[in-house]
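Engineer: Here you go, run-v6.cif (mmCIF, C-alpha atoms and all ligand atoms):
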```cif
data_input
#
loop_
_atom_site.label_atom_id
_atom_site.label_comp_id
_atom_site.auth_asym_id
_atom_site.auth_seq_id
_atom_site.Cartn_x
_atom_site.Cartn_y
_atom_site.Cartn_z
CA MET A 26 0.00 0.00 0.00
CA LYS A 27 2.73 2.41 0.95
CA LEU A 28 4.69 1.44 -2.13
CA LYS A 29 1.71 2.25 -4.30
CA LYS A 30 1.31 5.67 -2.76
CA LEU A 31 5.02 6.31 -3.17
CA CYS A 32 4.67 5.23 -6.81
CA ALA A 33 1.91 7.76 -7.38
CA PHE A 34 4.05 10.46 -5.80
CA LEU A 35 7.08 9.57 -7.87
CA ALA A 36 5.00 9.35 -11.02
CA ALA A 37 3.69 12.83 -10.36
CA GLY A 38 7.30 13.95 -10.14
CA MET A 39 8.01 12.30 -13.50
CA LEU A 40 10.59 9.98 -11.98
CA ALA A 41 9.91 7.25 -14.48
CA LEU A 42 12.81 5.03 -13.50
CA SER A 43 11.75 4.79 -9.91
CA LEU A 44 8.15 4.12 -11.02
CA VAL A 45 9.17 0.89 -12.76
CA ALA A 46 10.79 -0.37 -9.58
CA CYS A 47 7.70 0.49 -7.55
CA THR A 48 5.29 -1.12 -9.95
CA ASP A 49 7.26 -4.35 -9.73
CA GLY A 50 7.19 -4.19 -5.97
CA ASN A 51 3.43 -3.75 -5.91
CA THR A 52 2.55 -6.88 -7.91
CA THR A 53 3.10 -8.99 -4.84
CA ALA A 54 0.33 -7.27 -2.81
CA THR A 55 -2.20 -9.89 -1.66
CA SER A 56 -4.46 -8.61 1.08
CA ALA A 57 -8.01 -7.46 0.37
CA GLU A 58 -7.07 -4.07 1.72
CA SER A 59 -4.06 -3.68 -0.51
CA GLN A 60 -6.05 -4.94 -3.50
CA ALA A 61 -8.73 -2.37 -2.87
CA ASP A 62 -6.13 0.34 -2.39
CA SER A 63 -4.21 -0.56 -5.53
CA SER A 64 -7.43 -0.44 -7.54
CA LYS A 65 -8.32 2.90 -6.06
CA ALA A 66 -4.94 4.30 -7.00
CA GLU A 67 -5.46 3.01 -10.55
CA SER A 68 -8.92 4.49 -10.87
CA ASP A 69 -7.72 7.79 -9.41
CA ALA A 70 -5.10 7.84 -12.13
CA ALA A 71 -7.73 7.10 -14.79
CA PRO A 72 -9.36 9.79 -16.91
CA THR A 73 -11.83 11.77 -14.84
CA GLU A 74 -14.57 12.80 -17.30
CA SER A 75 -16.91 10.12 -15.98
CA LYS A 76 -16.52 10.97 -12.28
CA GLY A 77 -19.86 11.98 -10.80
CA SER A 78 -21.77 9.69 -13.17
CA LYS A 79 -24.60 7.65 -11.69
CA ILE A 80 -24.26 3.90 -11.37
CA GLY A 81 -27.34 1.68 -11.02
CA ILE A 82 -26.62 -1.63 -9.33
CA SER A 83 -29.33 -4.29 -9.39
CA MET A 84 -28.71 -7.28 -7.10
CA PRO A 85 -31.01 -10.33 -6.94
CA THR A 86 -31.74 -10.80 -3.25
CA LYS A 87 -30.51 -10.31 0.29
CA SER A 88 -31.69 -13.79 1.22
CA LEU A 89 -28.67 -15.48 -0.39
CA GLU A 90 -25.69 -14.31 1.62
CA ARG A 91 -23.16 -13.52 -1.05
CA TRP A 92 -25.21 -10.79 -2.77
CA ASN A 93 -25.10 -8.72 0.42
CA ARG A 94 -21.34 -8.78 0.16
CA ASP A 95 -21.39 -8.07 -3.60
CA GLY A 96 -23.74 -5.12 -3.15
CA SER A 97 -21.73 -3.57 -0.37
CA TYR A 98 -18.36 -4.06 -2.09
CA LEU A 99 -19.69 -2.64 -5.38
CA GLU A 100 -21.25 0.33 -3.63
CA LYS A 101 -18.05 0.97 -1.69
CA GLU A 102 -15.77 0.75 -4.75
CA PHE A 103 -17.86 2.97 -7.02
CA THR A 104 -18.51 5.53 -4.28
CA LYS A 105 -14.85 5.68 -3.32
CA ALA A 106 -13.98 6.32 -6.96
CA GLY A 107 -16.29 9.33 -7.07
CA TYR A 108 -19.50 7.89 -8.57
CA GLU A 109 -23.05 8.23 -7.26
CA VAL A 110 -24.56 4.81 -6.59
CA SER A 111 -28.15 3.50 -6.49
CA LEU A 112 -28.25 -0.07 -5.19
CA THR A 113 -31.40 -2.20 -5.40
CA TYR A 114 -32.27 -5.71 -4.18
CA SER A 115 -35.25 -7.48 -5.75
CA ASP A 116 -36.14 -10.15 -3.18
CA ASN A 117 -35.54 -12.93 -5.74
CA LYS A 118 -38.69 -11.74 -7.57
CA ILE A 119 -38.32 -11.38 -11.32
CA ASP A 120 -41.05 -8.70 -11.67
CA GLN A 121 -39.47 -6.73 -8.86
CA GLN A 122 -36.08 -6.77 -10.60
CA VAL A 123 -37.67 -5.52 -13.83
CA LYS A 124 -39.30 -2.69 -11.84
CA ASP A 125 -36.05 -1.91 -10.03
CA ILE A 126 -34.17 -1.64 -13.32
CA GLU A 127 -36.97 0.51 -14.81
CA GLY A 128 -36.57 2.78 -11.79
CA LEU A 129 -32.82 3.04 -12.28
CA ILE A 130 -33.33 3.89 -15.96
CA ALA A 131 -35.91 6.53 -15.00
CA ASP A 132 -33.33 7.92 -12.54
CA LYS A 133 -31.05 8.41 -15.54
CA VAL A 134 -28.17 6.24 -14.38
CA ASN A 135 -25.18 6.28 -16.72
CA LEU A 136 -24.26 2.62 -16.25
CA LEU A 137 -26.16 -0.48 -15.12
CA VAL A 138 -24.53 -3.37 -13.25
CA VAL A 139 -26.99 -6.26 -13.08
CA ALA A 140 -26.88 -9.68 -11.41
CA ALA A 141 -30.00 -11.29 -12.87
CA ILE A 142 -32.47 -13.40 -10.90
CA ASP A 143 -33.63 -15.06 -14.11
CA GLY A 144 -31.23 -14.70 -17.00
CA GLU A 145 -34.06 -14.97 -19.53
CA SER A 146 -36.36 -12.25 -18.18
CA LEU A 147 -34.55 -8.97 -18.61
CA ALA A 148 -34.36 -8.61 -22.41
CA GLN A 149 -37.23 -6.13 -22.60
CA VAL A 150 -36.16 -3.79 -19.81
CA LEU A 151 -32.57 -3.87 -21.02
CA ALA A 152 -33.74 -2.98 -24.55
CA GLU A 153 -35.09 0.17 -22.92
CA ALA A 154 -31.66 0.79 -21.33
CA LYS A 155 -30.03 0.33 -24.72
CA SER A 156 -32.43 2.74 -26.39
CA GLN A 157 -31.30 5.34 -23.83
CA ASN A 158 -27.63 4.52 -24.45
CA ILE A 159 -27.10 3.15 -20.96
CA PRO A 160 -24.35 0.53 -21.06
CA VAL A 161 -25.01 -2.67 -19.09
CA ILE A 162 -22.51 -4.98 -17.38
CA ALA A 163 -23.84 -8.46 -16.61
CA TYR A 164 -22.48 -9.08 -13.14
CA ASP A 165 -21.64 -12.65 -12.10
CA ARG A 166 -24.63 -14.16 -13.98
CA LEU A 167 -24.92 -13.88 -17.74
CA ILE A 168 -28.09 -12.21 -19.04
CA MET A 169 -29.52 -14.11 -21.96
CA ASN A 170 -31.03 -13.21 -25.33
CA THR A 171 -30.28 -9.52 -25.34
CA ASP A 172 -27.88 -7.39 -27.33
CA ALA A 173 -28.04 -4.70 -24.64
CA ILE A 174 -25.17 -5.99 -22.53
CA SER A 175 -21.66 -5.08 -23.49
CA TYR A 176 -19.59 -7.07 -20.99
CA TYR A 177 -19.76 -9.86 -18.45
CA VAL A 178 -17.74 -9.92 -15.20
CA SER A 179 -17.70 -13.17 -13.28
CA PHE A 180 -15.54 -16.02 -12.09
CA ASP A 181 -14.60 -18.96 -14.26
CA ASN A 182 -17.85 -20.80 -13.55
CA TYR A 183 -16.89 -24.06 -15.24
CA THR A 184 -13.75 -24.18 -13.09
CA VAL A 185 -15.86 -23.75 -9.94
CA GLY A 186 -17.62 -27.05 -10.75
CA LYS A 187 -14.38 -28.67 -11.85
CA LEU A 188 -12.77 -27.83 -8.50
CA GLN A 189 -15.73 -29.44 -6.71
CA GLY A 190 -15.53 -32.58 -8.87
CA GLU A 191 -11.76 -32.83 -8.49
CA PHE A 192 -12.03 -32.41 -4.75
CA VAL A 193 -14.48 -35.32 -4.48
CA ALA A 194 -12.37 -37.46 -6.82
CA GLU A 195 -9.24 -36.83 -4.76
CA LYS A 196 -10.89 -37.18 -1.38
CA LEU A 197 -12.41 -40.57 -2.30
CA ASP A 198 -9.26 -41.46 -4.27
CA LEU A 199 -11.43 -42.54 -7.19
CA ALA A 200 -8.44 -43.00 -9.48
CA ASN A 201 -7.16 -45.84 -7.28
CA ALA A 202 -10.50 -47.33 -6.30
CA GLY A 203 -9.88 -50.77 -7.80
CA ASP A 204 -13.08 -52.78 -7.22
CA LYS A 205 -14.41 -50.36 -4.61
CA LYS A 206 -17.61 -48.48 -5.41
CA PHE A 207 -18.67 -45.09 -4.10
CA ASN A 208 -22.15 -43.62 -3.85
CA ILE A 209 -22.56 -39.97 -4.81
CA GLU A 210 -25.56 -37.67 -5.13
CA PHE A 211 -25.65 -34.35 -6.97
CA THR A 212 -27.44 -31.12 -6.03
CA GLY A 213 -27.43 -28.37 -8.65
CA GLY A 214 -28.41 -24.73 -8.73
CA ASP A 215 -31.25 -22.66 -10.11
CA PRO A 216 -32.16 -23.56 -13.72
CA ALA A 217 -32.95 -19.85 -14.29
CA ASP A 218 -29.31 -18.98 -13.51
CA ASN A 219 -27.00 -19.47 -16.48
CA ASN A 220 -24.11 -20.17 -14.08
CA ALA A 221 -25.79 -23.27 -12.68
CA THR A 222 -25.18 -25.45 -15.75
CA PHE A 223 -21.55 -24.34 -15.91
CA PHE A 224 -21.04 -25.44 -12.29
CA PHE A 225 -22.83 -28.74 -12.87
CA ASN A 226 -21.00 -29.51 -16.11
CA GLY A 227 -17.62 -28.68 -14.59
CA ALA A 228 -18.22 -31.16 -11.75
CA MET A 229 -19.91 -33.79 -13.90
CA ASP A 230 -17.09 -33.77 -16.47
CA VAL A 231 -14.73 -34.89 -13.68
CA ILE A 232 -17.06 -37.53 -12.14
CA LYS A 233 -18.69 -38.92 -15.31
CA PRO A 234 -15.80 -41.20 -16.35
CA TYR A 235 -16.04 -42.82 -12.90
CA ILE A 236 -19.80 -43.30 -13.30
CA GLU A 237 -19.16 -44.89 -16.69
CA SER A 238 -16.49 -47.21 -15.28
CA GLY A 239 -18.78 -48.24 -12.39
CA THR A 240 -16.52 -46.80 -9.66
CA VAL A 241 -19.16 -44.18 -8.87
CA VAL A 242 -22.81 -45.10 -8.46
CA VAL A 243 -25.66 -42.61 -8.13
CA PRO A 244 -28.33 -44.63 -6.25
CA SER A 245 -31.09 -42.06 -6.96
CA GLY A 246 -30.29 -42.27 -10.68
CA GLN A 247 -30.46 -38.45 -10.80
CA THR A 248 -27.53 -37.50 -12.99
CA THR A 249 -28.84 -34.79 -15.30
CA PHE A 250 -28.97 -31.10 -14.49
CA GLU A 251 -32.74 -31.11 -15.02
CA GLN A 252 -33.07 -33.77 -12.29
CA VAL A 253 -30.82 -32.18 -9.69
CA GLY A 254 -31.54 -28.43 -10.07
CA THR A 255 -32.72 -26.35 -7.08
CA ALA A 256 -35.08 -23.47 -7.89
CA GLN A 257 -33.72 -20.15 -6.55
CA TRP A 258 -30.81 -21.97 -4.94
CA ASP A 259 -33.16 -22.42 -2.02
CA THR A 260 -31.86 -24.12 1.13
CA ALA A 261 -35.28 -25.51 2.16
CA LYS A 262 -35.84 -27.03 -1.30
CA ALA A 263 -32.40 -28.65 -1.28
CA LEU A 264 -33.13 -29.98 2.22
CA SER A 265 -36.45 -31.59 1.33
CA ARG A 266 -35.20 -33.08 -1.95
CA PHE A 267 -32.25 -34.62 -0.12
CA GLN A 268 -34.45 -35.97 2.66
CA ASN A 269 -36.48 -37.71 -0.04
CA ILE A 270 -33.34 -39.14 -1.60
CA LEU A 271 -32.07 -40.41 1.76
CA GLY A 272 -35.48 -41.88 2.60
CA SER A 273 -35.87 -43.60 -0.76
CA TYR A 274 -32.36 -44.88 -1.51
CA TYR A 275 -30.32 -44.95 1.71
CA SER A 276 -32.70 -46.03 4.46
CA ASP A 277 -31.64 -49.67 3.93
CA GLY A 278 -28.13 -48.81 5.19
CA THR A 279 -26.64 -47.93 1.81
CA GLN A 280 -23.60 -45.73 2.44
CA LEU A 281 -23.51 -42.21 1.00
CA ASP A 282 -19.92 -41.21 0.24
CA ALA A 283 -20.31 -37.76 -1.25
CA ALA A 284 -22.91 -35.06 -1.81
CA LEU A 285 -21.71 -32.86 -4.63
CA CYS A 286 -23.51 -29.55 -4.11
CA SER A 287 -23.05 -26.60 -6.46
CA ASN A 288 -23.04 -23.91 -3.78
CA ASP A 289 -23.29 -23.17 -0.08
CA SER A 290 -27.01 -22.37 0.17
CA THR A 291 -27.85 -25.80 -1.27
CA ALA A 292 -25.04 -27.50 0.70
CA LEU A 293 -26.58 -26.08 3.87
CA GLY A 294 -29.89 -27.87 3.18
CA VAL A 295 -28.15 -31.08 2.15
CA THR A 296 -25.99 -31.02 5.29
CA GLN A 297 -29.10 -30.55 7.45
CA ALA A 298 -30.77 -33.51 5.71
CA ILE A 299 -27.70 -35.66 6.30
CA GLN A 300 -27.54 -34.64 9.97
CA SER A 301 -31.20 -35.45 10.52
CA ASP A 302 -32.05 -38.28 8.09
CA TYR A 303 -28.89 -40.25 7.30
CA ALA A 304 -28.31 -43.35 9.36
CA GLY A 305 -24.67 -43.94 8.35
CA THR A 306 -21.76 -42.88 10.52
CA ASN A 307 -19.15 -42.30 7.82
CA GLU A 308 -17.95 -38.81 6.94
CA VAL A 309 -19.89 -37.72 3.85
CA VAL A 310 -17.83 -35.47 1.56
CA ILE A 311 -19.90 -32.33 0.96
CA THR A 312 -18.92 -29.58 -1.48
CA GLY A 313 -20.12 -25.98 -1.69
CA GLN A 314 -19.31 -22.57 -3.09
CA ASP A 315 -19.15 -18.98 -1.75
CA GLY A 316 -17.78 -19.14 1.78
CA ASP A 317 -21.12 -18.32 3.44
CA GLU A 318 -20.78 -17.85 7.19
CA ALA A 319 -22.89 -20.86 8.22
CA ASN A 320 -21.04 -23.10 5.77
CA LEU A 321 -17.62 -21.98 6.98
CA ALA A 322 -18.76 -22.81 10.52
CA ASN A 323 -19.84 -26.23 9.23
CA ILE A 324 -16.41 -26.69 7.63
CA ILE A 325 -14.70 -25.84 10.92
CA ASP A 326 -17.06 -28.29 12.69
CA GLY A 327 -16.41 -31.03 10.12
CA LYS A 328 -19.99 -31.06 8.76
CA GLN A 329 -19.14 -29.70 5.28
CA THR A 330 -15.86 -30.61 3.61
CA MET A 331 -15.05 -27.75 1.25
CA THR A 332 -16.31 -24.60 -0.39
CA VAL A 333 -15.13 -22.90 -3.56
CA TYR A 334 -14.34 -19.34 -2.64
CA LYS A 335 -14.76 -16.47 -5.06
CA ALA A 336 -13.32 -13.19 -3.84
CA VAL A 337 -16.27 -10.92 -4.58
CA ALA A 338 -14.24 -7.95 -3.31
CA ASN A 339 -12.08 -8.42 -6.41
CA GLU A 340 -15.12 -8.95 -8.66
CA ALA A 341 -16.26 -5.50 -7.53
CA ILE A 342 -12.85 -3.98 -8.31
CA ALA A 343 -12.87 -5.51 -11.81
CA THR A 344 -16.41 -4.16 -12.35
CA LEU A 345 -15.39 -0.68 -11.22
CA ASP A 346 -12.40 -0.50 -13.57
CA LEU A 347 -14.43 -1.91 -16.46
CA GLY A 348 -17.31 0.47 -15.74
CA ALA A 349 -14.95 3.45 -15.55
CA ALA A 350 -13.37 2.50 -18.89
CA ILE A 351 -16.80 2.19 -20.55
CA LEU A 352 -17.91 5.54 -19.15
CA ASN A 353 -14.70 7.11 -20.40
CA ASN A 354 -15.64 5.92 -23.90
CA GLU A 355 -12.82 3.43 -24.10
CA LYS A 356 -13.36 0.07 -25.75
CA PRO A 357 -12.17 -2.27 -22.99
CA ASP A 358 -10.48 -5.49 -24.05
CA ALA A 359 -7.76 -7.78 -22.68
CA SER A 360 -5.49 -4.79 -22.08
CA LEU A 361 -7.79 -3.57 -19.26
CA ILE A 362 -6.35 -6.31 -17.03
CA GLU A 363 -2.78 -5.10 -17.25
CA LYS A 364 -3.72 -1.45 -17.38
CA SER A 365 -5.72 -1.75 -14.15
CA GLY A 366 -2.79 -3.31 -12.31
CA TRP A 367 -4.98 -5.81 -10.48
CA SER A 368 -3.18 -7.93 -7.95
CA PHE A 369 -5.55 -10.85 -8.62
CA ASP A 370 -5.68 -13.12 -11.67
CA CYS A 371 -8.26 -12.55 -14.36
CA THR A 372 -8.67 -13.77 -17.93
CA TYR A 373 -10.36 -12.02 -20.81
CA ASP A 374 -12.56 -14.57 -22.55
CA THR A 375 -14.22 -13.97 -25.90
CA SER A 376 -15.55 -17.45 -26.63
CA SER A 377 -17.24 -19.12 -23.63
CA TYR A 378 -20.30 -16.98 -22.92
CA ASP A 379 -22.79 -16.88 -25.77
CA ASN A 380 -26.01 -15.29 -24.53
CA GLY A 381 -28.03 -16.20 -27.60
CA ALA A 382 -27.60 -12.77 -29.17
CA ALA A 383 -23.80 -12.60 -29.21
CA VAL A 384 -20.70 -13.98 -27.54
CA ILE A 385 -20.23 -11.59 -24.63
CA PRO A 386 -16.66 -10.50 -23.85
CA SER A 387 -16.00 -11.67 -20.32
CA TYR A 388 -13.59 -10.88 -17.51
CA LEU A 389 -13.27 -14.07 -15.48
CA LEU A 390 -11.63 -14.19 -12.08
CA VAL A 391 -10.17 -17.31 -10.53
CA PRO A 392 -11.93 -19.37 -7.81
CA VAL A 393 -10.07 -21.29 -5.09
CA THR A 394 -10.82 -24.43 -3.07
CA VAL A 395 -11.15 -23.76 0.66
CA THR A 396 -11.07 -26.47 3.33
CA LYS A 397 -10.57 -26.44 7.07
CA ASP A 398 -6.82 -26.60 6.40
CA ASN A 399 -6.53 -23.39 4.39
CA ILE A 400 -9.35 -21.20 5.74
CA GLN A 401 -6.82 -19.13 7.68
CA LYS A 402 -4.51 -18.64 4.69
CA GLU A 403 -7.14 -18.06 1.97
CA LEU A 404 -9.83 -16.20 3.88
CA VAL A 405 -8.40 -14.67 7.04
CA ASP A 406 -4.81 -13.79 6.09
CA THR A 407 -6.13 -12.22 2.86
CA GLY A 408 -8.30 -9.88 4.91
CA TYR A 409 -11.70 -11.06 3.59
CA TYR A 410 -12.77 -12.59 6.92
CA THR A 411 -11.76 -12.20 10.54
CA MET A 412 -11.49 -15.18 12.87
CA GLY A 413 -13.98 -14.50 15.66
CA SER A 414 -13.45 -15.27 19.32
CA ASP A 415 -16.11 -17.98 18.73
CA GLY A 416 -13.54 -19.79 16.55
CA TYR A 417 -15.45 -19.16 13.30
CA PRO A 418 -14.63 -16.84 10.38
CA HIS A 419 -16.88 -13.81 9.83
CA PRO A 420 -16.88 -11.75 6.61
CA VAL A 421 -15.38 -8.27 6.67
CA GLN A 422 -17.82 -5.98 4.87
C1 LIG B 1 -23.39 -17.44 -8.05
C2 LIG B 1 -22.99 -18.29 -6.87
C3 LIG B 1 -24.12 -18.34 -5.87
C4 LIG B 1 -25.48 -18.62 -6.51
C5 LIG B 1 -26.61 -18.44 -5.54
C6 LIG B 1 -24.68 -17.93 -8.62
O1 LIG B 1 -25.05 -17.20 -9.74
O2 LIG B 1 -22.36 -17.45 -9.02
O3 LIG B 1 -21.83 -17.76 -6.29
O4 LIG B 1 -23.88 -19.36 -4.95
O5 LIG B 1 -25.69 -17.77 -7.61
O6 LIG B 1 -26.59 -17.18 -4.95
#
```
As structure tokens - that is how I would like this structure written.
Ligand code: BGC
Structural biologist:
Amino acid sequence: MKLKKLCAFLAAGMLALSLVACTDGNTTATSAESQADSSKAESDAAPTESKGSKIGISMPTKSLERWNRDGSYLEKEFTKAGYEVSLTYSDNKIDQQVKDIEGLIADKVNLLVVAAIDGESLAQVLAEAKSQNIPVIAYDRLIMNTDAISYYVSFDNYTVGKLQGEFVAEKLDLANAGDKKFNIEFTGGDPADNNATFFFNGAMDVIKPYIESGTVVVPSGQTTFEQVGTAQWDTAKALSRFQNILGSYYSDGTQLDAALCSNDSTALGVTQAIQSDYAGTNEVVITGQDGDEANLANIIDGKQTMTVYKAVANEAIATLDLGAAILNNEKPDASLIEKSGWSFDCTYDTSSYDNGAAVIPSYLLVPVTVTKDNIQKELVDTGYYTMGSDGYPHPVQ
């Protein structure tokens, strides 16, 4: 942080040689605080014509923990950089989100950042945004069948699922199973969320060869995304579906070895079902995603095995720098990554995310696997969470 400030000072003094040395020094910054500070320094150095513009941020719901963090990080980053922010939450109701976005358009925002509840339902309202020349960034979830969005900022969603699948494969040592067989059940996300199939496919691509070879068995027979999806990523729905599965296929003493869940809200329901309705005494490997507080507590307590963490603080920084570039009439491309000097990894992808109208240029950040063993290093030492006196990590907002 200090180095960065010194860099800015030296740059102002035109001491170019010293600046190179400083920039090198800064690439090693890792904490959330230093990441936020380095981004701020970058955006302060950026052209200023767009400062004071209005940013409309539409988040899906407060009921799924992560979006509270996304909303507050986005609001903080854009405000700190000199923008005026309107932040809305739509209670996971599609009509409400349409109304919220209509309201933001009526308020004459200059940029929309939207995490869709239902990727298919925003085409009409975003056509209105387009007709008023309001650029739209699809945030975290791709928005389908509209030519109104210019960019997508997210994590590598396929890799999220792949990390979950690889974790299960390694934990059960499927590659060396010999004649042993393992029982696995899948729980997917919301079919209305374009991310959900990416997560499922990433995990399934790892596990499928083991299903085909007979090493992995799925006693419920539910192996397609359509069969395992969970509307609205709802914990109660995941809980009752899993209770049914346990009652129908495991009540005879069949051992469940792994529950591959796409995210933490569904993992929470599945874990509750296993605690209450599973007769076995073995440790069931349970995957998740997000680092929700209750799930991290379950990981510490040995009730959930892993979560895939996505540093939403960095997703907000990427969105700010992209938004600023758009508002400054630049045409952001791969060079934005280097230009912004982010201290986190990001790829510029121009092939993976086709929304039905076009392939949307995407900035994809990198997810990490978190277990009890690396919670301290990945979540606490990085500054995203603090370890409470209760022994559990709590998010820093
Ligand atoms: C996000 C996940 C999240 C899920 C439910 C997805 O679109 O990418 O991080 O777990 O929505 O909120």
Engineer: Kindly provide the residues of chain A that approach ligand LIG 1 (chain B) to within 6 Å, each paired with its closest atom pair and their distance in Å to one decimal, based on all atoms listed in the file, listed by chain and increasing number, as a Markdown table.
Structural biologist:
```
| residue | atom | partner | partner_atom | distance |
| --- | --- | --- | --- | --- |
| A:Leu89 | CA | B:LIG1 | O6 | 5.3 |
| A:Asp165 | CA | B:LIG1 | O2 | 5.7 |
| A:Arg166 | CA | B:LIG1 | O1 | 5.2 |
| A:Asp218 | CA | B:LIG1 | O1 | 6.0 |
| A:Asn220 | CA | B:LIG1 | O1 | 5.3 |
| A:Trp258 | CA | B:LIG1 | C5 | 5.5 |
| A:Asn288 | CA | B:LIG1 | O4 | 4.8 |
| A:Gln314 | CA | B:LIG1 | O4 | 5.9 |
| A:Asp315 | CA | B:LIG1 | O3 | 5.4 |
```
Engineer: Have a look at A:Gln189, A:Ser78, A:Asn135, A:Ser273 and name the one nearest to Thr394 (chain A); count all atoms listed in the file.
Structural biologist: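 When distances to Thr394 (chain A) are compared using all atoms listed in the file, the smallest one comes from A:Gln189.
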Engineer: Would you mind telling me which residue in A:Val333, A:Val161, A:Ala349, A:Thr212 lies nearest to Gly107 (chain A) when using all atoms listed in the file?
Structural biologist: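 Answer, going by the shortest atom-to-atom distance: A:Ala349.
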Engineer: Counting only C-alpha atoms, which residue out of A:Phe225, A:Phe207, A:Trp367, A:Phe267 sits closest to Asn182 (chain A)?
Structural biologist: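 Once distances to Asn182 (chain A) are computed over only C-alpha atoms, the minimum belongs to A:Phe225.
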Engineer: Need the shell around Thr86 (chain A): protein/DNA/RNA residues with any atom at most 6 Å away, counting only C-alpha atoms. Skip same-chain ones fewer than 2 positions apart. Format as a list of chain:residue names?
Structural biologist: A:Ser88, A:Tyr114, A:Ser115, A:Asp116, A:Asn117
Engineer: Applying 12 Å and all atoms listed in the file, which residues near Asp198 (chain A) remain after dropping the ones on its own chain fewer than 6 positions away? List them as a ChimeraX atom specification.
Structural biologist: /A:190-192,205-207,232,235,240-241,282,310
Engineer: Write the residues of the selection above to a file with C-alpha atoms, as a CSV table (one decimal), in the coordinates of the input.
Structural biologist:
```
chain,number,residue,atom,x,y,z
A,190,GLY,CA,-15.5,-32.6,-8.9
A,191,GLU,CA,-11.8,-32.8,-8.5
A,192,PHE,CA,-12.0,-32.4,-4.8
A,205,LYS,CA,-14.4,-50.4,-4.6
A,206,LYS,CA,-17.6,-48.5,-5.4
A,207,PHE,CA,-18.7,-45.1,-4.1
A,232,ILE,CA,-17.1,-37.5,-12.1
A,235,TYR,CA,-16.0,-42.8,-12.9
A,240,THR,CA,-16.5,-46.8,-9.7
A,241,VAL,CA,-19.2,-44.2,-8.9
A,282,ASP,CA,-19.9,-41.2,0.2
A,310,VAL,CA,-17.8,-35.5,1.6
```
Engineer: What's around Pro244 (chain A) at 10 Å? Count all atoms listed in the file, leave out sequence neighbours fewer than 3 positions away in its own chain, and write the answer as a count of residues only.
Structural biologist: 15
Engineer: In Å to one decimal, how far is CA of Val253 (chain A) from CA of Gly96 (chain A)?
Structural biologist: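 Spanning CA of Gly96 (chain A) to CA of Val253 (chain A) is a straight-line distance of 28.7 Å.
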Engineer: Go ahead and compute the interatomic distance for CA of Glu318 (chain A) and CA of Asn269 (chain A), in Å to one decimal.
Structural biologist: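 Going from CA of Glu318 (chain A) over to CA of Asn269 (chain A) covers 26.3 Å.
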Engineer: List as JSON, numbers by chain the protein and nucleic acid residues near Gly254 (chain A), meaning an atom at most 10 Å away when all atoms listed in the file are counted, but skip any in the same chain fewer than 6 places from it.
Structural biologist: {"A": [211, 212, 213, 214, 215, 216, 217, 221, 222, 225, 262, 263, 287, 291]}
